[in-house]
$ cat target_36.txt   # compact mmCIF, C-alpha atoms and all ligand atoms
# COMPACT_ATOMS: atom_id res chain seq x y z
CA MET A 221 25.90 -16.41 113.92
CA LEU A 222 27.42 -19.67 112.69
CA GLU A 223 29.79 -19.26 109.80
CA LYS A 224 29.34 -21.49 106.76
CA LYS A 225 31.67 -24.46 106.72
CA LEU A 226 34.41 -24.21 104.10
CA VAL A 227 34.43 -27.12 101.69
CA THR A 228 37.83 -27.69 100.16
CA LEU A 229 38.36 -29.12 96.68
CA ASP A 230 39.91 -32.31 98.10
CA GLU A 231 36.98 -32.87 100.47
CA PHE A 232 34.48 -32.19 97.71
CA VAL A 233 36.12 -34.55 95.21
CA LEU A 234 36.38 -37.27 97.83
CA GLU A 235 32.73 -36.88 98.74
CA LYS A 236 31.69 -37.07 95.08
CA GLN A 237 33.75 -40.23 94.56
CA SER A 238 30.89 -42.24 96.05
CA GLU A 239 28.63 -41.16 93.13
CA PHE A 240 30.73 -43.39 90.90
CA PRO A 241 30.19 -47.08 91.57
CA PHE A 242 33.44 -49.06 91.67
CA ALA A 243 35.54 -45.86 91.89
CA SER A 244 39.06 -46.80 92.87
CA GLY A 245 40.00 -43.36 94.15
CA ASP A 246 42.58 -42.88 91.40
CA LEU A 247 40.60 -40.05 89.76
CA THR A 248 40.35 -38.30 93.11
CA ARG A 249 44.12 -38.55 93.53
CA LEU A 250 44.72 -37.40 89.95
CA LEU A 251 42.64 -34.26 90.53
CA SER A 252 44.53 -33.67 93.73
CA ASP A 253 47.89 -33.93 91.88
CA ILE A 254 46.64 -31.42 89.30
CA SER A 255 45.45 -28.98 91.94
CA LEU A 256 48.78 -29.18 93.76
CA ALA A 257 50.70 -28.37 90.57
CA ALA A 258 48.23 -25.51 89.91
CA LYS A 259 49.04 -24.01 93.32
CA ILE A 260 52.75 -24.10 92.52
CA VAL A 261 52.15 -22.50 89.11
CA ASN A 262 49.92 -19.92 90.78
CA ARG A 263 52.74 -18.99 93.13
CA GLU A 264 55.07 -18.36 90.19
CA VAL A 265 52.39 -16.51 88.20
CA ASN A 266 51.91 -14.16 91.14
CA LYS A 267 55.55 -13.24 91.28
CA ALA A 268 56.05 -13.22 87.52
CA GLY A 269 56.96 -9.55 87.53
CA LEU A 270 59.39 -9.95 90.41
CA VAL A 271 61.69 -12.68 89.27
CA ASP A 272 63.37 -13.49 86.06
CA ILE A 273 60.78 -16.02 85.04
CA ILE A 274 59.00 -14.05 82.36
CA GLY A 275 60.48 -13.33 78.97
CA THR A 276 61.13 -15.82 76.23
CA THR A 277 63.41 -18.84 76.39
CA GLY A 278 64.42 -18.16 72.81
CA HIS A 279 62.96 -21.49 71.65
CA ASN A 280 59.85 -22.15 69.59
CA ASN A 281 57.46 -24.91 70.61
CA ILE A 282 56.50 -27.50 68.03
CA GLN A 283 53.63 -25.30 66.85
CA GLY A 284 56.06 -22.53 65.86
CA GLU A 285 55.00 -20.23 68.70
CA VAL A 286 57.49 -18.49 70.94
CA VAL A 287 57.69 -20.34 74.25
CA LYS A 288 57.71 -18.17 77.36
CA LYS A 289 59.57 -19.25 80.45
CA LEU A 290 56.42 -19.56 82.49
CA ASP A 291 54.97 -21.97 79.89
CA VAL A 292 57.99 -24.19 80.35
CA PHE A 293 57.77 -23.94 84.12
CA ALA A 294 54.05 -24.81 84.14
CA ASN A 295 54.59 -27.70 81.76
CA GLU A 296 57.33 -29.11 83.98
CA GLN A 297 55.22 -28.73 87.13
CA PHE A 298 52.19 -30.56 85.76
CA ILE A 299 54.27 -33.32 84.19
CA HIS A 300 56.23 -33.72 87.40
CA ALA A 301 53.11 -33.85 89.60
CA LEU A 302 51.42 -36.39 87.32
CA THR A 303 54.58 -38.48 87.00
CA VAL A 304 55.37 -38.76 90.69
CA GLY A 305 51.67 -39.21 91.49
CA GLY A 306 51.51 -42.34 89.35
CA TYR A 307 47.74 -42.20 88.77
CA CYS A 308 47.88 -41.73 85.00
CA CYS A 309 49.80 -43.76 82.43
CA GLY A 310 50.31 -41.00 79.88
CA ILE A 311 50.30 -37.26 79.28
CA ALA A 312 49.78 -35.19 76.13
CA SER A 313 50.80 -31.56 76.54
CA GLU A 314 50.61 -28.60 74.22
CA GLU A 315 54.28 -28.02 74.95
CA THR A 316 55.54 -31.48 73.99
CA ASP A 317 55.66 -32.87 70.49
CA GLU A 318 54.89 -36.50 71.39
CA TYR A 319 52.80 -37.92 74.16
CA ILE A 320 54.64 -39.04 77.27
CA ALA A 321 54.18 -42.68 78.31
CA LEU A 322 54.87 -43.01 82.02
CA ASP A 323 56.68 -46.20 82.79
CA SER A 324 57.08 -46.45 86.53
CA PRO A 325 55.68 -49.80 87.74
CA HIS A 326 52.63 -48.05 89.24
CA ALA A 327 51.95 -45.57 86.44
CA ARG A 328 52.29 -47.88 83.44
CA ASP A 329 49.19 -49.82 84.46
CA ALA A 330 47.20 -46.78 85.64
CA GLN A 331 43.75 -46.37 84.09
CA TYR A 332 43.82 -42.73 83.06
CA ILE A 333 45.58 -40.44 80.61
CA VAL A 334 45.74 -36.64 80.85
CA CYS A 335 45.78 -34.02 78.08
CA ILE A 336 46.91 -30.60 79.23
CA ASP A 337 47.46 -27.03 78.13
CA PRO A 338 49.74 -26.06 81.03
CA LEU A 339 49.65 -22.32 80.34
CA ASP A 340 46.84 -20.93 78.23
CA GLY A 341 46.96 -17.34 77.04
CA SER A 342 50.74 -17.18 77.12
CA SER A 343 50.88 -13.92 75.17
CA ASN A 344 49.23 -12.34 78.23
CA ILE A 345 51.91 -13.42 80.75
CA ASP A 346 54.15 -10.41 80.31
CA VAL A 347 51.31 -7.90 80.55
CA ASN A 348 49.63 -9.05 83.77
CA VAL A 349 46.44 -10.29 82.16
CA SER A 350 44.59 -13.47 83.23
CA ILE A 351 46.01 -16.77 82.05
CA GLY A 352 45.00 -20.37 82.72
CA THR A 353 45.57 -24.11 82.66
CA ILE A 354 43.23 -26.56 80.92
CA PHE A 355 43.08 -30.33 81.49
CA SER A 356 41.18 -33.31 80.18
CA ILE A 357 41.13 -36.79 81.73
CA LEU A 358 40.30 -39.89 79.70
CA ARG A 359 40.18 -43.56 80.57
CA ARG A 360 42.80 -45.45 78.57
CA LYS A 361 41.65 -47.75 75.75
CA SER A 362 44.61 -50.12 75.92
CA LEU A 363 44.34 -52.51 78.81
CA THR A 364 47.75 -52.51 80.47
CA GLY A 365 51.39 -51.65 79.82
CA PRO A 366 52.63 -48.44 78.20
CA CYS A 367 49.85 -46.23 76.80
CA THR A 368 49.41 -45.85 73.03
CA LEU A 369 48.43 -43.03 70.67
CA GLU A 370 44.91 -44.51 70.46
CA ASP A 371 44.48 -43.86 74.18
CA PHE A 372 44.71 -40.13 73.41
CA LEU A 373 42.72 -40.04 70.17
CA GLN A 374 39.31 -40.34 71.79
CA LYS A 375 36.25 -38.20 71.21
CA GLY A 376 35.57 -35.49 73.77
CA CYS A 377 32.37 -37.25 74.85
CA GLU A 378 34.59 -39.99 76.31
CA GLN A 379 36.15 -37.60 78.84
CA VAL A 380 35.90 -38.73 82.45
CA ALA A 381 36.71 -35.30 83.84
CA ALA A 382 37.85 -31.92 82.60
CA GLY A 383 38.68 -28.61 84.14
CA TYR A 384 40.56 -25.38 84.08
CA VAL A 385 42.42 -23.15 86.44
CA ILE A 386 42.18 -19.40 85.93
CA TYR A 387 44.97 -17.28 87.36
CA GLY A 388 42.98 -14.06 87.46
CA SER A 389 42.08 -11.40 90.01
CA SER A 390 41.67 -14.50 92.15
CA THR A 391 42.71 -18.03 91.26
CA MET A 392 39.97 -20.55 90.62
CA MET A 393 39.65 -24.15 89.61
CA VAL A 394 36.51 -25.19 87.77
CA TYR A 395 35.90 -28.83 86.89
CA THR A 396 33.34 -31.40 85.88
CA THR A 397 33.12 -35.17 86.05
CA GLY A 398 29.94 -35.17 83.96
CA LYS A 399 27.62 -34.35 86.84
CA GLY A 400 27.51 -30.58 86.62
CA VAL A 401 30.21 -27.97 87.04
CA ASN A 402 31.66 -26.64 90.28
CA GLY A 403 34.11 -23.82 90.92
CA PHE A 404 36.63 -23.42 93.74
CA THR A 405 38.49 -20.25 94.67
CA LEU A 406 42.00 -20.47 96.06
CA ASP A 407 42.21 -18.99 99.53
CA PRO A 408 45.88 -17.98 99.64
CA SER A 409 45.84 -17.69 103.43
CA ILE A 410 45.25 -21.44 103.83
CA GLY A 411 46.50 -22.60 100.43
CA GLU A 412 43.28 -24.44 99.63
CA PHE A 413 40.78 -24.27 96.78
CA CYS A 414 37.40 -23.71 98.51
CA LEU A 415 33.98 -24.32 96.99
CA SER A 416 32.74 -20.87 95.91
CA HIS A 417 30.66 -21.53 92.78
CA PRO A 418 28.56 -24.68 93.28
CA LYS A 419 26.54 -26.06 90.34
CA ILE A 420 27.50 -23.43 87.78
CA GLN A 421 24.75 -22.86 85.21
CA MET A 422 25.49 -20.87 82.08
CA PRO A 423 22.72 -18.34 81.32
CA GLU A 424 20.65 -19.29 78.26
CA THR A 425 21.70 -16.09 76.56
CA GLY A 426 24.02 -13.19 77.25
CA LYS A 427 25.17 -9.82 76.05
CA THR A 428 28.77 -10.67 75.24
CA TYR A 429 30.45 -11.98 72.12
CA SER A 430 34.14 -12.90 72.19
CA VAL A 431 36.07 -13.20 68.97
CA ASN A 432 39.28 -11.74 67.56
CA GLN A 433 37.46 -9.24 65.39
CA GLY A 434 40.77 -8.03 63.95
CA TYR A 435 40.51 -11.04 61.61
CA PHE A 436 36.99 -10.08 60.48
CA GLN A 437 37.90 -9.90 56.79
CA LYS A 438 39.18 -13.48 56.91
CA PHE A 439 35.95 -14.97 58.31
CA GLU A 440 33.28 -16.84 56.40
CA GLU A 441 30.28 -14.80 55.31
CA GLY A 442 27.83 -16.29 57.86
CA LEU A 443 30.10 -15.32 60.74
CA LYS A 444 30.55 -11.79 59.38
CA GLN A 445 26.76 -11.48 59.21
CA PHE A 446 26.40 -12.78 62.80
CA ILE A 447 28.94 -10.24 64.05
CA MET A 448 27.11 -7.41 62.26
CA TRP A 449 23.86 -8.70 63.80
CA CYS A 450 25.48 -8.56 67.29
CA GLN A 451 26.28 -4.89 66.59
CA GLU A 452 22.78 -3.90 65.47
CA ILE A 453 20.61 -1.75 67.71
CA ASP A 454 17.51 -3.67 68.84
CA ASP A 455 16.03 -3.01 72.27
CA ASP A 456 13.90 -6.17 72.29
CA SER A 457 16.90 -8.46 72.07
CA ASN A 458 19.19 -6.23 74.12
CA ARG A 459 21.50 -5.51 71.21
CA PRO A 460 24.09 -4.29 70.47
CA TYR A 461 26.04 -6.88 72.44
CA SER A 462 29.37 -6.07 74.05
CA LEU A 463 32.57 -7.34 72.52
CA ARG A 464 34.94 -8.80 75.13
CA TYR A 465 38.08 -10.59 74.00
CA ILE A 466 40.91 -11.19 76.45
CA GLY A 467 42.96 -13.50 74.25
CA SER A 468 43.21 -16.17 76.96
CA MET A 469 40.58 -18.73 76.07
CA VAL A 470 40.19 -19.81 79.70
CA ALA A 471 39.45 -16.25 80.82
CA ASP A 472 37.05 -15.57 77.95
CA ILE A 473 35.18 -18.83 78.58
CA HIS A 474 35.13 -18.30 82.36
CA ARG A 475 33.50 -14.89 82.01
CA ASN A 476 30.95 -16.15 79.50
CA LEU A 477 30.19 -19.20 81.66
CA ILE A 478 29.25 -16.96 84.57
CA THR A 479 27.53 -14.08 82.77
CA GLY A 480 26.39 -15.70 79.50
CA GLY A 481 27.91 -15.10 76.10
CA ILE A 482 29.50 -16.71 73.10
CA PHE A 483 33.17 -17.43 72.35
CA ILE A 484 34.32 -17.98 68.79
CA TYR A 485 37.67 -19.03 67.33
CA PRO A 486 36.67 -19.79 63.76
CA ALA A 487 38.30 -21.03 60.60
CA THR A 488 39.87 -18.36 58.44
CA TYR A 489 40.63 -18.85 54.77
CA GLU A 490 44.32 -19.28 55.66
CA HIS A 491 43.67 -21.59 58.63
CA PRO A 492 40.65 -23.77 57.86
CA ASN A 493 41.05 -25.61 61.18
CA GLY A 494 41.25 -22.43 63.24
CA LYS A 495 43.87 -22.18 65.96
CA LEU A 496 42.66 -23.94 69.07
CA ARG A 497 43.60 -27.50 69.87
CA MET A 498 41.02 -30.21 70.25
CA LEU A 499 42.46 -32.49 72.91
CA TYR A 500 43.58 -30.02 75.54
CA GLU A 501 41.64 -26.81 74.78
CA CYS A 502 38.38 -27.43 72.90
CA ASN A 503 37.31 -30.80 74.34
CA PRO A 504 37.72 -29.99 78.03
CA LEU A 505 36.16 -26.54 77.75
CA SER A 506 33.30 -27.92 75.63
CA PHE A 507 32.63 -30.59 78.27
CA ILE A 508 32.42 -27.89 80.93
CA VAL A 509 30.24 -25.55 78.87
CA GLU A 510 27.83 -28.38 78.00
CA GLN A 511 27.69 -29.57 81.59
CA ALA A 512 26.76 -26.01 82.57
CA GLY A 513 23.90 -25.97 80.02
CA GLY A 514 25.66 -24.32 77.06
CA ARG A 515 26.67 -25.74 73.67
CA ALA A 516 29.92 -26.15 71.74
CA THR A 517 30.31 -26.92 68.04
CA ASN A 518 32.66 -26.40 65.12
CA GLY A 519 29.82 -24.47 63.49
CA HIS A 520 28.00 -27.62 62.41
CA GLN A 521 28.92 -30.59 64.60
CA LYS A 522 29.28 -30.97 68.32
CA ILE A 523 32.92 -30.64 69.35
CA LEU A 524 32.52 -33.58 71.72
CA GLU A 525 31.48 -35.84 68.81
CA LEU A 526 34.52 -35.10 66.63
CA GLN A 527 37.01 -37.94 66.17
CA PRO A 528 40.57 -36.63 66.59
CA VAL A 529 43.15 -38.16 64.28
CA GLU A 530 46.27 -36.49 65.64
CA LEU A 531 47.54 -35.29 68.99
CA HIS A 532 47.80 -31.58 68.26
CA GLN A 533 44.76 -31.37 65.99
CA ARG A 534 43.03 -28.00 65.73
CA THR A 535 39.36 -27.23 65.19
CA PRO A 536 37.26 -24.12 64.65
CA ILE A 537 35.13 -23.58 67.74
CA PHE A 538 31.90 -21.82 68.69
CA MET A 539 30.87 -22.20 72.30
CA GLY A 540 28.50 -20.50 74.65
CA SER A 541 24.97 -19.80 75.75
CA LYS A 542 22.35 -21.92 74.00
CA LEU A 543 20.35 -19.19 72.30
CA MET A 544 23.42 -17.34 71.04
CA MET A 545 24.71 -20.62 69.61
CA ASP A 546 21.40 -21.11 67.81
CA HIS A 547 21.75 -17.65 66.29
CA VAL A 548 25.30 -18.05 65.05
CA GLU A 549 24.56 -21.48 63.59
CA SER A 550 21.56 -20.24 61.67
CA PHE A 551 23.71 -17.47 60.14
CA LEU A 552 26.40 -20.03 59.24
CA ASN A 553 23.81 -22.26 57.57
CA ASP A 554 22.06 -19.43 55.73
CA TYR A 555 25.32 -18.19 54.19
CA ALA A 556 27.02 -21.59 53.80
CA SER A 557 27.10 -21.35 50.02
CA VAL A 558 28.85 -17.94 49.94
CA SER A 559 32.58 -18.41 49.30
CA ASN A 560 34.81 -16.53 51.74
CA LYS A 561 37.70 -15.97 49.36
P1 LIG B 601 48.15 -20.75 74.19
O1 LIG B 601 48.72 -19.59 74.93
O2 LIG B 601 47.95 -21.98 75.03
O3 LIG B 601 48.87 -21.06 72.89
O4 LIG B 601 46.65 -20.39 73.76
C1 LIG B 601 46.38 -19.13 73.21
C2 LIG B 601 45.07 -19.22 72.52
C3 LIG B 601 43.85 -18.96 73.37
O5 LIG B 601 44.02 -18.93 74.72
C4 LIG B 601 43.31 -17.67 72.86
O6 LIG B 601 41.93 -17.70 72.85
C5 LIG B 601 43.88 -17.55 71.48
O7 LIG B 601 45.08 -18.26 71.49
C6 LIG B 601 44.13 -16.12 71.05
O8 LIG B 601 44.58 -16.13 69.73
P2 LIG B 601 44.57 -14.80 68.84
O9 LIG B 601 45.65 -13.93 69.36
O10 LIG B 601 44.83 -15.31 67.46
O11 LIG B 601 43.21 -14.17 68.95
MN MN B 602 45.89 -22.46 75.02
MN MN B 603 49.41 -23.02 76.21
$ encode --input "target_36.txt" --output "structure tokens" --more "lines below"
Ligand code: AHG
Ligand code: MN
Ligand code: MN
Amino acid sequence: MLEKKLVTLDEFVLEKQSEFPFASGDLTRLLSDISLAAKIVNREVNKAGLVDIIGTTGHNNIQGEVVKKLDVFANEQFIHALTVGGYCCGIASEETDEYIALDSPHARDAQYIVCIDPLDGSSNIDVNVSIGTIFSILRRKSLTGPCTLEDFLQKGCEQVAAGYVIYGSSTMMVYTTGKGVNGFTLDPSIGEFCLSHPKIQMPETGKTYSVNQGYFQKFEEGLKQFIMWCQEIDDDSNRPYSLRYIGSMVADIHRNLITGGIFIYPATYEHPNGKLRMLYECNPLSFIVEQAGGRATNGHQKILELQPVELHQRTPIFMGSKLMMDHVESFLNDYASVSNK
């Protein structure tokens, strides 16, 4: 029997390039730079318990969170790969306060910018739980020369491509260029991401809700009611649903993308903008979820339609299977007038 031909990520991206008229090949090369850095990060993630790479550096990042060594390593790898590649003119990273304008003669006139969360789920590094990388690629607004802040402050619907890498029981890269979502599993024996999940479609509904329920008392009334509804016994709608919350957004979204479900990181009365960052967490994952047939909002408006006004802006987020999104939004609307403090 003939074996199926392996399709590698690089081959796949190159093949798809022809779907974009006037493609210069720069996006293809950019994705290839990102996947190379991801393989290097993957290697370090896999030996995180063996070498002195885990543990804290003793510094806080600009968001006041403790930075782990692997976060720093991942940040350096992605920035290095994108810098030497020369196919983007700027990078915004969760780990750096300001955006980085690349000024090599090739890079400064490149057409793309990249927003990245180099290591997502960093509190899970030390305990051997899945972590990830998230990236978003935008076309610059400025025409030439060093990139500007305005190049980064674009709505999510302007994204040219977005993706994530999950360092889980296997390592996968999932990405979209706005024509569906495809997933590639890293075959460590050949060091290549191979097409394993073509045309990912998110089920219309699911049995999983993912939220940090420890903060229940801090949520708005509509969300509390939705959570209680998820817990009710009702055979017709397959409830109660299961609560699954890994604490690495990439891993929670990946599971829900494949099996159906809803992920929520809402506002609390102390943090009205929630926790998750728009440019390098919410926008790219919303693009993927929507391309797979799901929906993503801040409770009322589409995430991809929100206009960011600062680099590290946060937003509440609700994302997942269509019908579950409809349910949560109707609870939020019905209880909108109830004060949560
Ligand atoms: P990061 O490690 O990049 O800062 O992201 C962590 C995020 C996200 O991955 C996860 O969903 C969320 O933080 C978990 O936060 P809580 O512990 O507040 O639930
Ligand atoms: Mn993150
Ligand atoms: Mn991070």
$ atom_distance --input "target_36.txt" --atom1 "atom CA of Ala327 of chain A" --atom2 "atom CA of Cys309 of chain A"
4.9 Å
$ residues_near_ligand --input "target_36.txt" --ligand "ligand LIG 601 (chain B)" --cutoff "6 Å" --atoms "only C-alpha atoms and all ligand atoms" --output "compact mmCIF listing (two decimals) with C-alpha atoms, in the frame of the given file"
# COMPACT_ATOMS: atom_id res chain seq x y z
CA ASP A 337 47.46 -27.03 78.13
CA LEU A 339 49.65 -22.32 80.34
CA ASP A 340 46.84 -20.93 78.23
CA GLY A 341 46.96 -17.34 77.04
CA SER A 342 50.74 -17.18 77.12
CA ASN A 432 39.28 -11.74 67.56
CA GLY A 467 42.96 -13.50 74.25
CA SER A 468 43.21 -16.17 76.96
CA MET A 469 40.58 -18.73 76.07
$ residues_near_ligand --input "target_36.txt" --ligand "ligand MN 603 (chain B)" --cutoff "12 Å" --atoms "only C-alpha atoms and all ligand atoms" --output "short mmCIF file (atom, residue, chain, number, x, y, z; two decimals) with C-alpha atoms, keeping the file's coordinate frame"
data_model
loop_
_atom_site.label_atom_id
_atom_site.label_comp_id
_atom_site.auth_asym_id
_atom_site.auth_seq_id
_atom_site.Cartn_x
_atom_site.Cartn_y
_atom_site.Cartn_z
CA ASN A 281 57.46 -24.91 70.61
CA ILE A 282 56.50 -27.50 68.03
CA GLN A 283 53.63 -25.30 66.85
CA GLU A 285 55.00 -20.23 68.70
CA VAL A 286 57.49 -18.49 70.94
CA VAL A 287 57.69 -20.34 74.25
CA LYS A 288 57.71 -18.17 77.36
CA LYS A 289 59.57 -19.25 80.45
CA LEU A 290 56.42 -19.56 82.49
CA ASP A 291 54.97 -21.97 79.89
CA VAL A 292 57.99 -24.19 80.35
CA PHE A 293 57.77 -23.94 84.12
CA ALA A 294 54.05 -24.81 84.14
CA ASN A 295 54.59 -27.70 81.76
CA SER A 313 50.80 -31.56 76.54
CA GLU A 314 50.61 -28.60 74.22
CA GLU A 315 54.28 -28.02 74.95
CA THR A 316 55.54 -31.48 73.99
CA CYS A 335 45.78 -34.02 78.08
CA ILE A 336 46.91 -30.60 79.23
CA ASP A 337 47.46 -27.03 78.13
CA PRO A 338 49.74 -26.06 81.03
CA LEU A 339 49.65 -22.32 80.34
CA ASP A 340 46.84 -20.93 78.23
CA GLY A 341 46.96 -17.34 77.04
CA SER A 342 50.74 -17.18 77.12
CA SER A 343 50.88 -13.92 75.17
CA ASN A 344 49.23 -12.34 78.23
CA ILE A 345 51.91 -13.42 80.75
CA ILE A 351 46.01 -16.77 82.05
CA GLY A 352 45.00 -20.37 82.72
CA THR A 353 45.57 -24.11 82.66
CA ILE A 354 43.23 -26.56 80.92
CA PHE A 355 43.08 -30.33 81.49
CA GLY A 467 42.96 -13.50 74.25
CA SER A 468 43.21 -16.17 76.96
CA MET A 469 40.58 -18.73 76.07
CA VAL A 470 40.19 -19.81 79.70
CA LYS A 495 43.87 -22.18 65.96
CA LEU A 496 42.66 -23.94 69.07
CA ARG A 497 43.60 -27.50 69.87
CA TYR A 500 43.58 -30.02 75.54
CA GLU A 501 41.64 -26.81 74.78
CA HIS A 532 47.80 -31.58 68.26
#
$ closest_residue --input "target_36.txt" --among "A:Gly411, A:Gly398, A:Gly383, A:Gly519" --to "His474 of chain A" --atoms "all atoms listed in the file"
A:Gly383
$ closest_atom_pairs --input "target_36.txt" --of "segment 335-409 of chain A" --to "segment 476-489 of chain A" --cutoff "12 Å" --atoms "all atoms listed in the file" --output "JSON lines"
{"residue": "A:Val394", "atom": "CA", "partner": "A:Leu477", "partner_atom": "CA", "distance": 10.6}
{"residue": "A:Val401", "atom": "CA", "partner": "A:Leu477", "partner_atom": "CA", "distance": 10.3}
{"residue": "A:Asn402", "atom": "CA", "partner": "A:Leu477", "partner_atom": "CA", "distance": 11.5}
{"residue": "A:Gly403", "atom": "CA", "partner": "A:Ile478", "partner_atom": "CA", "distance": 10.5}
$ write_last_selection --input "target_36.txt" --atoms "C-alpha atoms" --output "compact mmCIF listing (two decimals), keeping the file's coordinate frame"
# COMPACT_ATOMS: atom_id res chain seq x y z
CA VAL A 394 36.51 -25.19 87.77
CA VAL A 401 30.21 -27.97 87.04
CA ASN A 402 31.66 -26.64 90.28
CA GLY A 403 34.11 -23.82 90.92
$ residues_around --input "target_36.txt" --residues "Arg360 of chain A" --least-positions-apart "6" --cutoff "8 Å" --atoms "all atoms listed in the file" --output "VMD selection string"
chain A and resid 331 to 333 367 371 to 372
$ write_last_selection --input "target_36.txt" --atoms "C-alpha atoms" --output "PDB file, keeping the file's coordinate frame"
ATOM      1  CA  GLN A 331      43.750 -46.370  84.090  1.00  0.00           C
ATOM      2  CA  TYR A 332      43.820 -42.730  83.060  1.00  0.00           C
ATOM      3  CA  ILE A 333      45.580 -40.440  80.610  1.00  0.00           C
ATOM      4  CA  CYS A 367      49.850 -46.230  76.800  1.00  0.00           C
ATOM      5  CA  ASP A 371      44.480 -43.860  74.180  1.00  0.00           C
ATOM      6  CA  PHE A 372      44.710 -40.130  73.410  1.00  0.00           C
TER       7      PHE A 372
END
$ atom_distance --input "target_36.txt" --atom1 "atom CA of Ile508 of chain A" --atom2 "atom CA of Leu369 of chain A"
24.3 Å
$ closest_residue --input "target_36.txt" --among "A:Val385, A:Gly442, A:Thr405, A:Ser390" --to "ligand MN 602 (chain B)" --atoms "all atoms listed in the file"
A:Val385
$ residues_near_point --input "target_36.txt" --point "(40.9, -37.7, 91.8)" --cutoff "9 Å" --atoms "all atoms listed in the file" --output "PyMOL selection string"
chain A and resi 230+233-234+237+245-254+307
$ closest_residue --input "target_36.txt" --among "A:Phe507, A:Arg534, A:Met539, A:Phe446" --to "Ala382 of chain A" --atoms "only C-alpha atoms"
A:Phe507
